[in-house]
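What follows is the content of input_21.txt (compact mmCIF, C-alpha atoms (C1' of nucleotides)).
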# COMPACT_ATOMS: atom_id res chain seq x y z
CA MET A 1 0.00 0.00 0.00
CA SER A 2 1.40 3.35 -0.96
CA SER A 3 1.58 6.34 1.33
CA ALA A 4 -1.61 7.81 2.65
CA GLY A 5 -0.91 11.43 1.78
CA ALA A 6 -3.15 11.98 -1.18
CA ALA A 7 -2.01 9.03 -3.16
CA ALA A 8 -4.61 6.65 -1.85
CA ALA A 9 -4.87 3.77 -4.24
CA PRO A 10 -8.26 3.98 -5.91
CA GLU A 11 -8.59 0.22 -5.96
CA GLY A 12 -12.02 -1.22 -5.64
CA PRO A 13 -15.20 0.70 -5.76
CA ASN A 14 -15.63 4.15 -4.35
CA ILE A 15 -15.66 4.08 -0.56
CA GLY A 16 -18.67 6.34 -0.70
CA LEU A 17 -20.64 3.72 -2.57
CA LEU A 18 -19.43 1.04 -0.22
CA LEU A 19 -20.87 3.02 2.65
CA TYR A 20 -24.05 3.81 0.84
CA LEU A 21 -25.05 0.32 -0.20
CA PRO A 22 -25.40 -1.17 3.27
CA TYR A 23 -26.97 2.03 4.48
CA ARG A 24 -29.62 1.80 1.81
CA ALA A 25 -30.16 -1.88 2.50
CA MET A 26 -30.74 -1.12 6.15
CA GLU A 27 -33.11 1.68 5.32
CA ASN A 28 -35.09 -0.53 2.98
CA ARG A 29 -35.46 -3.18 5.63
CA VAL A 30 -36.60 -0.70 8.22
CA PHE A 31 -39.19 0.84 5.94
CA ALA A 32 -40.48 -2.53 4.89
CA ALA A 33 -40.90 -3.57 8.52
CA LEU A 34 -42.57 -0.31 9.45
CA ALA A 35 -45.01 -0.62 6.59
CA ALA A 36 -45.76 -4.20 7.53
CA ALA A 37 -46.45 -3.11 11.09
CA GLY A 38 -48.98 -0.55 9.97
CA PHE A 39 -46.71 2.46 9.91
CA ASP A 40 -47.13 2.85 6.21
CA ASP A 41 -47.51 6.61 6.18
CA VAL A 42 -43.94 7.59 7.04
CA THR A 43 -41.85 8.78 4.16
CA PRO A 44 -38.06 8.69 3.92
CA ALA A 45 -37.98 12.46 4.06
CA GLN A 46 -39.96 12.49 7.26
CA ALA A 47 -37.76 9.78 8.74
CA LYS A 48 -34.68 11.81 8.01
CA VAL A 49 -35.97 14.46 10.38
CA PHE A 50 -37.69 12.16 12.85
CA GLN A 51 -34.49 10.22 13.41
CA ARG A 52 -32.80 13.30 14.79
CA ILE A 53 -35.26 14.08 17.52
CA GLY A 54 -33.53 13.74 20.87
CA PRO A 55 -35.07 12.14 23.96
CA ASN A 56 -35.90 15.53 25.43
CA GLY A 57 -37.19 17.07 22.27
CA THR A 58 -35.31 19.06 19.67
CA ARG A 59 -35.85 22.44 18.13
CA LEU A 60 -36.90 22.73 14.56
CA THR A 61 -33.82 24.71 13.70
CA ASP A 62 -31.58 22.00 15.08
CA LEU A 63 -33.44 19.32 13.23
CA ALA A 64 -33.08 21.27 10.05
CA GLU A 65 -29.39 21.75 10.53
CA GLN A 66 -28.67 18.14 11.35
CA ALA A 67 -30.79 16.82 8.54
CA GLN A 68 -29.22 19.36 6.21
CA VAL A 69 -32.42 20.89 4.99
CA THR A 70 -33.84 24.38 5.36
CA LYS A 71 -36.01 25.38 8.29
CA GLN A 72 -38.98 25.51 5.97
CA THR A 73 -38.50 21.97 4.78
CA ALA A 74 -38.05 20.72 8.31
CA GLY A 75 -41.19 22.58 9.33
CA PHE A 76 -43.09 21.07 6.44
CA LEU A 77 -42.04 17.56 7.40
CA VAL A 78 -42.72 18.05 11.10
CA ASP A 79 -46.18 19.30 10.21
CA GLN A 80 -46.87 16.01 8.53
CA LEU A 81 -45.38 13.96 11.35
CA GLU A 82 -47.56 15.89 13.74
CA ARG A 83 -50.70 15.36 11.70
CA THR A 84 -50.06 11.63 11.51
CA GLY A 85 -49.38 11.44 15.23
CA TYR A 86 -45.69 10.65 15.29
CA VAL A 87 -44.55 13.82 17.00
CA ARG A 88 -45.86 16.65 19.12
CA ARG A 89 -44.73 20.24 19.45
CA THR A 90 -44.38 21.62 22.95
CA PRO A 91 -43.30 25.06 24.04
CA ASP A 92 -39.64 25.36 24.88
CA PRO A 93 -39.46 26.50 28.51
CA ALA A 94 -36.07 28.02 27.87
CA ASP A 95 -37.14 30.25 24.99
CA ALA A 96 -40.58 31.57 24.27
CA ARG A 97 -39.91 31.84 20.56
CA ALA A 98 -39.01 28.20 20.22
CA ARG A 99 -40.89 24.95 20.44
CA LEU A 100 -39.56 21.50 21.08
CA VAL A 101 -40.43 18.72 18.70
CA ARG A 102 -41.00 15.58 20.73
CA ILE A 103 -41.75 12.01 19.84
CA ALA A 104 -45.37 11.09 20.50
CA GLU A 105 -46.79 7.68 21.41
CA ARG A 106 -47.18 6.53 17.85
CA GLY A 107 -43.68 7.73 17.09
CA ALA A 108 -42.29 5.75 19.98
CA ALA A 109 -44.08 2.64 18.79
CA ALA A 110 -42.57 3.03 15.34
CA GLN A 111 -39.19 3.66 16.84
CA LEU A 112 -39.41 0.38 18.69
CA ILE A 113 -40.12 -1.53 15.51
CA ALA A 114 -37.28 0.22 13.77
CA ALA A 115 -34.84 -0.56 16.56
CA ARG A 116 -35.78 -4.20 16.39
CA VAL A 117 -35.16 -4.41 12.68
CA VAL A 118 -31.87 -2.59 12.97
CA ALA A 119 -30.75 -5.10 15.57
CA GLU A 120 -31.92 -7.94 13.38
CA VAL A 121 -30.09 -6.70 10.32
CA GLU A 122 -27.03 -5.98 12.34
CA GLY A 123 -27.19 -9.57 13.50
CA GLU A 124 -27.25 -10.77 9.92
CA TRP A 125 -24.29 -8.63 9.07
CA THR A 126 -22.42 -9.91 12.09
CA ARG A 127 -23.06 -13.47 11.03
CA HIS A 128 -21.74 -12.66 7.59
CA LEU A 129 -18.65 -10.76 8.69
CA GLY A 130 -17.91 -12.36 11.99
CA VAL A 131 -17.99 -10.58 15.31
CA ARG A 132 -14.44 -9.38 14.99
CA ARG A 133 -14.88 -7.64 11.68
CA MET A 134 -18.21 -6.20 12.68
CA THR A 135 -16.70 -4.70 15.77
CA GLN A 136 -13.89 -3.24 13.74
CA VAL A 137 -16.32 -1.59 11.39
CA ARG A 138 -18.37 -0.14 14.19
CA ASP A 139 -15.29 1.18 15.93
CA ALA A 140 -13.84 2.68 12.82
CA LEU A 141 -17.10 4.32 11.81
CA THR A 142 -17.52 5.72 15.29
CA ARG A 143 -14.11 7.28 15.05
CA LEU A 144 -14.77 8.51 11.59
CA ARG A 145 -17.72 10.34 12.96
CA GLU A 146 -15.34 12.66 14.71
CA ILE A 147 -14.30 14.18 11.43
CA THR A 148 -17.44 13.68 9.37
CA ASP A 149 -20.20 14.69 11.74
CA PRO A 150 -20.20 18.33 12.75
CA TYR A 151 -22.75 17.57 15.45
CA ALA A 152 -20.90 14.74 17.12
CA MET B 1 -29.37 -5.45 27.18
CA SER B 2 -32.07 -7.72 25.92
CA SER B 3 -31.41 -10.18 23.17
CA ALA B 4 -32.25 -9.27 19.64
CA GLY B 5 -32.26 -11.74 16.81
CA ALA B 6 -28.64 -12.63 17.14
CA ALA B 7 -27.97 -10.81 20.39
CA ALA B 8 -26.11 -8.01 18.71
CA ALA B 9 -25.37 -5.39 21.32
CA PRO B 10 -27.20 -2.25 20.27
CA GLU B 11 -24.67 -0.06 21.99
CA GLY B 12 -23.80 3.22 20.44
CA PRO B 13 -25.68 4.87 17.67
CA ASN B 14 -27.51 3.04 14.96
CA ILE B 15 -25.11 1.43 12.52
CA GLY B 16 -27.20 2.85 9.73
CA LEU B 17 -26.49 6.37 10.89
CA LEU B 18 -22.82 5.54 11.33
CA LEU B 19 -22.69 4.51 7.70
CA TYR B 20 -24.70 7.45 6.54
CA LEU B 21 -22.71 10.22 8.15
CA PRO B 22 -19.42 9.59 6.37
CA TYR B 23 -21.29 8.86 3.19
CA ARG B 24 -22.97 12.22 3.36
CA ALA B 25 -19.74 13.95 4.24
CA MET B 26 -18.10 12.42 1.19
CA GLU B 27 -20.97 13.41 -1.01
CA ASN B 28 -20.88 16.99 0.24
CA ARG B 29 -17.21 17.23 -0.50
CA VAL B 30 -17.59 15.87 -3.98
CA PHE B 31 -20.42 18.24 -4.82
CA ALA B 32 -18.54 21.19 -3.43
CA ALA B 33 -15.51 20.34 -5.55
CA LEU B 34 -17.59 19.79 -8.66
CA ALA B 35 -19.33 23.11 -8.19
CA ALA B 36 -16.00 24.84 -7.66
CA ALA B 37 -14.70 23.30 -10.87
CA GLY B 38 -17.60 24.64 -12.88
CA PHE B 39 -19.79 21.57 -12.78
CA ASP B 40 -22.43 23.38 -10.84
CA ASP B 41 -25.39 22.04 -12.72
CA VAL B 42 -25.32 18.46 -11.49
CA THR B 43 -27.89 17.62 -8.88
CA PRO B 44 -27.69 14.81 -6.32
CA ALA B 45 -30.55 13.04 -8.05
CA GLN B 46 -28.71 13.13 -11.35
CA ALA B 47 -25.53 11.93 -9.70
CA LYS B 48 -27.33 8.95 -8.24
CA VAL B 49 -28.01 7.75 -11.77
CA PHE B 50 -24.81 8.99 -13.37
CA GLN B 51 -22.71 7.09 -10.87
CA ARG B 52 -24.11 3.80 -12.08
CA ILE B 53 -23.20 4.14 -15.71
CA GLY B 54 -20.73 1.44 -16.64
CA PRO B 55 -17.66 1.93 -18.85
CA ASN B 56 -19.45 0.44 -21.82
CA GLY B 57 -22.70 2.20 -21.31
CA THR B 58 -25.73 1.04 -19.40
CA ARG B 59 -29.38 0.66 -20.28
CA LEU B 60 -31.90 2.98 -18.76
CA THR B 61 -33.75 0.10 -17.19
CA ASP B 62 -30.62 -1.10 -15.46
CA LEU B 63 -29.80 2.37 -14.22
CA ALA B 64 -33.30 2.68 -12.84
CA GLU B 65 -33.09 -0.63 -11.07
CA GLN B 66 -29.71 0.01 -9.52
CA ALA B 67 -30.58 3.52 -8.45
CA GLN B 68 -33.89 2.23 -7.12
CA VAL B 69 -36.09 4.61 -9.02
CA THR B 70 -38.69 4.04 -11.71
CA LYS B 71 -37.78 3.95 -15.39
CA GLN B 72 -39.57 7.24 -15.81
CA THR B 73 -37.53 8.95 -13.16
CA ALA B 74 -34.31 7.55 -14.57
CA GLY B 75 -35.35 8.75 -18.00
CA PHE B 76 -36.13 12.18 -16.65
CA LEU B 77 -32.72 12.46 -15.03
CA VAL B 78 -30.86 11.09 -18.02
CA ASP B 79 -32.64 13.65 -20.18
CA GLN B 80 -31.19 16.39 -18.05
CA LEU B 81 -27.72 14.85 -18.00
CA GLU B 82 -27.90 14.62 -21.75
CA ARG B 83 -29.00 18.22 -22.17
CA THR B 84 -26.18 19.43 -19.96
CA GLY B 85 -23.66 17.32 -21.83
CA TYR B 86 -22.71 14.77 -19.21
CA VAL B 87 -24.03 11.74 -21.04
CA ARG B 88 -24.98 10.56 -24.48
CA ARG B 89 -27.48 7.96 -25.62
CA THR B 90 -26.36 5.54 -28.28
CA PRO B 91 -28.28 2.72 -29.87
CA ASP B 92 -27.73 -0.65 -28.29
CA PRO B 93 -26.38 -2.93 -31.01
CA ALA B 94 -27.79 -5.91 -29.18
CA ASP B 95 -31.36 -4.68 -29.02
CA ALA B 96 -33.04 -2.19 -31.30
CA ARG B 97 -35.48 -1.13 -28.61
CA ALA B 98 -32.77 -0.23 -26.18
CA ARG B 99 -30.24 2.52 -25.99
CA LEU B 100 -27.06 2.66 -24.01
CA VAL B 101 -26.44 5.61 -21.79
CA ARG B 102 -22.79 6.51 -22.01
CA ILE B 103 -20.63 9.06 -20.29
CA ALA B 104 -19.79 11.98 -22.57
CA GLU B 105 -16.69 14.18 -22.50
CA ARG B 106 -18.04 16.58 -19.94
CA GLY B 107 -19.17 13.68 -17.81
CA ALA B 108 -15.72 12.15 -17.91
CA ALA B 109 -14.19 15.45 -16.87
CA ALA B 110 -16.52 15.67 -13.92
CA GLN B 111 -15.79 12.08 -13.03
CA LEU B 112 -12.12 12.87 -12.90
CA ILE B 113 -12.66 15.70 -10.45
CA ALA B 114 -14.90 13.51 -8.36
CA ALA B 115 -12.36 10.70 -8.27
CA ARG B 116 -9.70 13.12 -7.12
CA VAL B 117 -11.81 14.38 -4.27
CA VAL B 118 -12.77 10.90 -3.22
CA ALA B 119 -9.11 9.97 -3.07
CA GLU B 120 -8.37 13.11 -1.12
CA VAL B 121 -11.10 12.51 1.43
CA GLU B 122 -10.14 8.91 1.69
CA GLY B 123 -6.64 10.10 2.47
CA GLU B 124 -7.95 12.27 5.26
CA TRP B 125 -9.90 9.39 6.69
CA THR B 126 -6.87 7.16 6.48
CA ARG B 127 -4.81 9.70 8.35
CA HIS B 128 -7.46 9.83 11.03
CA LEU B 129 -8.02 6.10 11.37
CA GLY B 130 -4.65 4.74 10.41
CA VAL B 131 -3.97 2.56 7.43
CA ARG B 132 -4.80 -0.60 9.28
CA ARG B 133 -8.24 0.45 10.36
CA MET B 134 -9.05 1.98 7.02
CA THR B 135 -8.17 -1.24 5.28
CA GLN B 136 -10.34 -3.17 7.67
CA VAL B 137 -13.29 -0.94 6.95
CA ARG B 138 -12.87 -1.23 3.24
CA ASP B 139 -12.56 -4.98 3.42
CA ALA B 140 -15.54 -5.38 5.68
CA LEU B 141 -17.70 -3.11 3.57
CA THR B 142 -16.67 -4.95 0.45
CA ARG B 143 -17.76 -8.19 2.02
CA LEU B 144 -20.92 -6.66 3.28
CA ARG B 145 -21.75 -5.78 -0.25
CA GLU B 146 -22.29 -9.44 -0.93
CA ILE B 147 -25.42 -9.44 1.14
CA THR B 148 -26.57 -5.86 0.74
CA ASP B 149 -26.10 -5.20 -2.96
CA PRO B 150 -28.30 -7.27 -5.24
CA TYR B 151 -26.24 -6.15 -8.22
CA ALA B 152 -22.85 -7.09 -6.87
C1' DC C 1 -34.64 49.98 31.40
C1' DG C 2 -35.13 50.64 25.94
C1' DT C 3 -33.34 49.45 21.68
C1' DG C 4 -31.35 47.17 17.92
C1' DA C 5 -29.25 42.88 16.20
C1' DG C 6 -30.02 38.23 15.88
C1' DA C 7 -32.47 33.70 16.41
C1' DG C 8 -36.71 30.62 16.01
C1' DG C 9 -40.44 29.96 12.96
C1' DT C 10 -44.01 30.57 9.43
C1' DA C 11 -46.13 31.93 4.70
C1' DC C 12 -45.96 31.90 -0.19
C1' DG C 13 -44.49 30.66 -4.65
C1' DA C 14 -41.52 28.18 -7.75
C1' DT C 15 -38.63 24.10 -8.91
C1' DT C 16 -37.22 19.66 -8.83
C1' DC C 17 -37.94 14.92 -8.11
C1' DT C 18 -40.73 11.04 -8.09
C1' DC C 19 -44.54 8.02 -8.82
C1' DT C 20 -48.89 5.77 -11.25
C1' DG C 21 -51.16 4.63 -15.22
C1' DA C 22 -51.36 4.23 -20.02
C1' DC C 23 -49.12 3.24 -24.00
C1' DC C 24 -45.89 1.92 -28.12
C1' DA C 25 -42.30 -0.71 -30.56
C1' DG C 26 -39.02 -4.37 -30.93
C1' DA C 27 -37.84 -9.18 -29.15
C1' DA C 28 -38.72 -13.78 -27.76
C1' DT C 29 -41.38 -17.74 -27.85
C1' DA C 30 -44.97 -20.99 -28.55
C1' DT D 1 -47.80 -15.64 -36.85
C1' DA D 2 -50.04 -14.64 -32.43
C1' DT D 3 -48.82 -13.89 -27.73
C1' DT D 4 -46.26 -12.28 -24.34
C1' DC D 5 -42.37 -9.91 -22.49
C1' DT D 6 -39.01 -6.14 -22.31
C1' DG D 7 -37.07 -1.37 -23.14
C1' DG D 8 -38.67 2.88 -23.15
C1' DT D 9 -41.74 7.18 -23.51
C1' DC D 10 -45.84 10.37 -22.52
C1' DA D 11 -48.92 12.76 -19.44
C1' DG D 12 -50.52 14.13 -15.05
C1' DA D 13 -50.30 14.37 -10.16
C1' DG D 14 -48.14 14.42 -5.72
C1' DA D 15 -44.06 14.96 -2.66
C1' DA D 16 -39.97 17.39 -1.26
C1' DT D 17 -37.14 21.21 -1.45
C1' DC D 18 -35.60 25.83 -1.84
C1' DG D 19 -35.46 31.28 -1.91
C1' DT D 20 -37.49 35.35 -0.40
C1' DA D 21 -39.98 37.72 2.78
C1' DC D 22 -41.84 38.35 7.15
C1' DC D 23 -43.16 38.09 12.19
C1' DT D 24 -42.13 37.43 17.04
C1' DC D 25 -39.34 36.92 20.88
C1' DT D 26 -34.59 37.13 23.14
C1' DC D 27 -30.42 39.06 24.50
C1' DA D 28 -26.50 42.16 24.88
C1' DC D 29 -25.43 46.75 25.48
C1' DG D 30 -25.71 51.60 26.27
When written as structure tokens, how does the structure in this file appear?
Amino acid sequence: MSSAGAAAAPEGPNIGLLLYLPYRAMENRVFAALAAAGFDDVTPAQAKVFQRIGPNGTRLTDLAEQAQVTKQTAGFLVDQLERTGYVRRTPDPADARARLVRIAERGAAAQLIAARVVAEVEGEWTRHLGVRRMTQVRDALTRLREITDPYA
Amino acid sequence: MSSAGAAAAPEGPNIGLLLYLPYRAMENRVFAALAAAGFDDVTPAQAKVFQRIGPNGTRLTDLAEQAQVTKQTAGFLVDQLERTGYVRRTPDPADARARLVRIAERGAAAQLIAARVVAEVEGEWTRHLGVRRMTQVRDALTRLREITDPYA
DNA sequence: CGTGAGAGGTACGATTCTCTGACCAGAATA
DNA sequence: TATTCTGGTCAGAGAATCGTACCTCTCACG
């Protein structure tokens, strides 16, 4: 292997694609399971925002930033999630201008299903790669987050 | 921690998110570089299709399938890529109904820029993780492709 | 205090992306 | 050759996203 500087050997497919494919596979599985469980009205766009809601609620602006969409888009999606009962908006006690988006009952139920499927798929991957390799991937990706996730 | 399918420990954040974050970071970098180099008229949706064009051209139907969009959507995006000079449609000698979508000069130029940035970012990641870890990730992801990419 | 700059959100309109349904032409097969 | 399948397009509708503009509330500072 040559030096790491900028002369990384471009062997094999694009690392971006290699990351994307399993990500997409996971997403597909989760959506399929959600739909099968009756949560068939969530869209990928909504999920992108929903996923970022913290346990104590998150402000719209923060959701927008983390999901990399505009405030308007985030607002649009939260509106839908609210109408379909997945989230709730509550006043932010710390700032009268702001409101906290929180996960509602239905949202929590969906989240549970999703978590189960994620664990299941992760199990499949672990069986395919072996525990050792799987752990390595998780560790490496966690570290990579330090330089790829501005909100880590 | 309760068992789940194969008793995978769900510690840390969702593996899906861990895959997604670096993927998105890479994508952002590539688009920024392309825009800076004058290729500011490519959209993410177009790229999703463009990326799947093989060296000898690829049929619309295949592009659609791999990008997981309908034929109509793929056609719509290829139309745009064609208008902006990134691709070309040529008759498929093997089937008079079909046409092969091929990368045109401008597309190849953009691809070159993209490849450079990918290598650059990969270099940064390697510096952060170390060569050993980076290799492990690449290997593991390549293997994972076997069970997550139906077109591998 | 009062005031101005900035932050959290919403409203409106325009694009872009995507899908469904209907359809046509060439290929494959009985 | 009649039937069916495959590659692809057309038309219309719905979803997602953005840019611009605007309102309200907060906070730092004089």
Considering all atoms listed in the file, give me a table of residues in chain A that are at most 8 Å from chain B, with the closest atom pair and distance in Å for each, as CSV.
residue,atom,partner,partner_atom,distance
A:Ala4,CA,B:Gly123,CA,5.5
A:Gly5,CA,B:Gly123,CA,5.9
A:Ala6,CA,B:Glu120,CA,5.3
A:Ala7,CA,B:Ala119,CA,7.2
A:Ala8,CA,B:Ala119,CA,5.7
A:Ala9,CA,B:Ala119,CA,7.6
A:Pro10,CA,B:Ala119,CA,6.7
A:Asn14,CA,B:Val118,CA,7.4
A:Ile15,CA,B:Arg138,CA,7.1
A:Gly16,CA,B:Tyr23,CA,5.3
A:Leu17,CA,B:Tyr23,CA,7.7
A:Leu18,CA,B:Leu141,CA,5.9
A:Leu19,CA,B:Leu19,CA,5.6
A:Tyr20,CA,B:Tyr23,CA,6.2
A:Leu21,CA,B:Asp149,CA,6.3
A:Pro22,CA,B:Thr148,CA,5.5
A:Tyr23,CA,B:Gly16,CA,5.3
A:Ala25,CA,B:Thr148,CA,5.6
A:Met26,CA,B:Gly16,CA,6.4
A:Glu27,CA,B:Gly16,CA,7.5
A:Arg116,CA,B:Ala4,CA,7.0
A:Val118,CA,B:Asn14,CA,7.4
A:Ala119,CA,B:Ala4,CA,6.0
A:Glu120,CA,B:Gly5,CA,5.1
A:Glu122,CA,B:Ala8,CA,6.7
A:Gly123,CA,B:Ala6,CA,5.0
A:Glu124,CA,B:Ala6,CA,7.6
A:Trp125,CA,B:Leu144,CA,7.0
A:Thr126,CA,B:Ala8,CA,7.8
A:His128,CA,B:Leu144,CA,7.4
A:Leu129,CA,B:Ala140,CA,6.9
A:Arg133,CA,B:Ala140,CA,6.4
A:Met134,CA,B:Ala140,CA,7.5
A:Gln136,CA,B:Gln136,CA,7.0
A:Val137,CA,B:Val137,CA,5.4
A:Arg138,CA,B:Ile15,CA,7.1
A:Ala140,CA,B:Arg133,CA,6.5
A:Leu141,CA,B:Leu18,CA,5.9
A:Thr142,CA,B:Leu18,CA,6.6
A:Arg143,CA,B:Leu129,CA,7.2
A:Leu144,CA,B:Trp125,CA,7.0
A:Arg145,CA,B:Pro22,CA,6.8
A:Thr148,CA,B:Pro22,CA,5.4
A:Asp149,CA,B:Leu21,CA,6.3
Using atom CA of Pro55 of chain A and atom CA of Arg102 of chain A as the two end points, give the distance in Å to one decimal. 7.6 Å
Test item: residues at most 12 Å from segment 3-14 of chain C, only C-alpha atoms (C1' of nucleotides), excluding those fewer than 2 positions along its chain, as a short mmCIF file (atom, residue, chain, number, x, y, z; two decimals) with C-alpha atoms (C1' of nucleotides), in the coordinates of the input:
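See part37.cif below for the written result:
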data_model
loop_
_atom_site.label_atom_id
_atom_site.label_comp_id
_atom_site.auth_asym_id
_atom_site.auth_seq_id
_atom_site.Cartn_x
_atom_site.Cartn_y
_atom_site.Cartn_z
CA ARG A 59 -35.85 22.44 18.13
CA LEU A 60 -36.90 22.73 14.56
CA THR A 61 -33.82 24.71 13.70
CA ASP A 62 -31.58 22.00 15.08
CA ALA A 64 -33.08 21.27 10.05
CA THR A 70 -33.84 24.38 5.36
CA LYS A 71 -36.01 25.38 8.29
CA GLN A 72 -38.98 25.51 5.97
CA THR A 73 -38.50 21.97 4.78
CA ALA A 74 -38.05 20.72 8.31
CA GLY A 75 -41.19 22.58 9.33
CA PHE A 76 -43.09 21.07 6.44
CA ASP A 79 -46.18 19.30 10.21
CA PRO A 91 -43.30 25.06 24.04
CA ASP A 92 -39.64 25.36 24.88
CA ASP A 95 -37.14 30.25 24.99
CA ALA A 96 -40.58 31.57 24.27
CA ARG A 97 -39.91 31.84 20.56
CA ALA A 98 -39.01 28.20 20.22
CA ARG A 99 -40.89 24.95 20.44
CA LEU A 100 -39.56 21.50 21.08
"C1'" DC C 1 -34.64 49.98 31.40
"C1'" DT C 16 -37.22 19.66 -8.83
"C1'" DT D 17 -37.14 21.21 -1.45
"C1'" DC D 18 -35.60 25.83 -1.84
"C1'" DG D 19 -35.46 31.28 -1.91
"C1'" DT D 20 -37.49 35.35 -0.40
"C1'" DA D 21 -39.98 37.72 2.78
"C1'" DC D 22 -41.84 38.35 7.15
"C1'" DC D 23 -43.16 38.09 12.19
"C1'" DT D 24 -42.13 37.43 17.04
"C1'" DC D 25 -39.34 36.92 20.88
"C1'" DT D 26 -34.59 37.13 23.14
"C1'" DC D 27 -30.42 39.06 24.50
"C1'" DA D 28 -26.50 42.16 24.88
"C1'" DC D 29 -25.43 46.75 25.48
"C1'" DG D 30 -25.71 51.60 26.27
#
Can you check the Cα RMSD once chain B has been least-squares fitted onto chain A over every paired atom, in order? 1.5 Å
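Take atom C1' of DA22 of chain C and atom C1' of DA15 of chain D: the distance between them is 21.7 Å.
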Residues near Leu81 of chain A, anyone? I mean within 12 Å using only C-alpha atoms (C1' of nucleotides), not counting same-chain ones fewer than 4 positions away, as a ChimeraX atom specification. /A:39,41-51,53,74-77,85-89,101-107,110
Restrict the calculation to all atoms listed in the file, then for each residue of chain D with any atom at most 9 Å from an atom of chain B give the closest atom pair and their distance in Å to one decimal, rows by chain and rising residue number, as CSV.
residue,atom,partner,partner_atom,distance
D:DT6,C1',B:Arg97,CA,8.8
D:DG7,C1',B:Ala98,CA,5.4
D:DG8,C1',B:Ala98,CA,7.3
D:DT9,C1',B:Gln72,CA,8.0
Please produce an output containing C-alpha atoms (C1' of nucleotides) for each residue in the selection, written as a JSON list (two decimals), in the coordinates of the input.
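What landed in part-v3.json:
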[["chain", "number", "residue", "atom", "x", "y", "z"],
["D", 6, "DT", "C1'", -39.01, -6.14, -22.31],
["D", 7, "DG", "C1'", -37.07, -1.37, -23.14],
["D", 8, "DG", "C1'", -38.67, 2.88, -23.15],
["D", 9, "DT", "C1'", -41.74, 7.18, -23.51]]
Residues of chain C within 9 Å of chain B, using all atoms listed in the file, as a VMD selection string? chain C and resid 17 to 19 25 to 27
Extending 6 Å beyond the listed atoms of segment 7-25 of chain C on each side, what axis-aligned box results? I want centre and edge lengths in Å to one decimal, as AutoDock Vina command-line options.
--center_x -41.9 --center_y 16.5 --center_z -7.1 --size_x 30.9 --size_y 46.4 --size_z 59.0
Separation of atom CA of Leu34 of chain B from atom CA of Thr90 of chain B, in Å and rounded to one decimal: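 Calculated distance between atom CA of Leu34 of chain B and atom CA of Thr90 of chain B is 25.8 Å.
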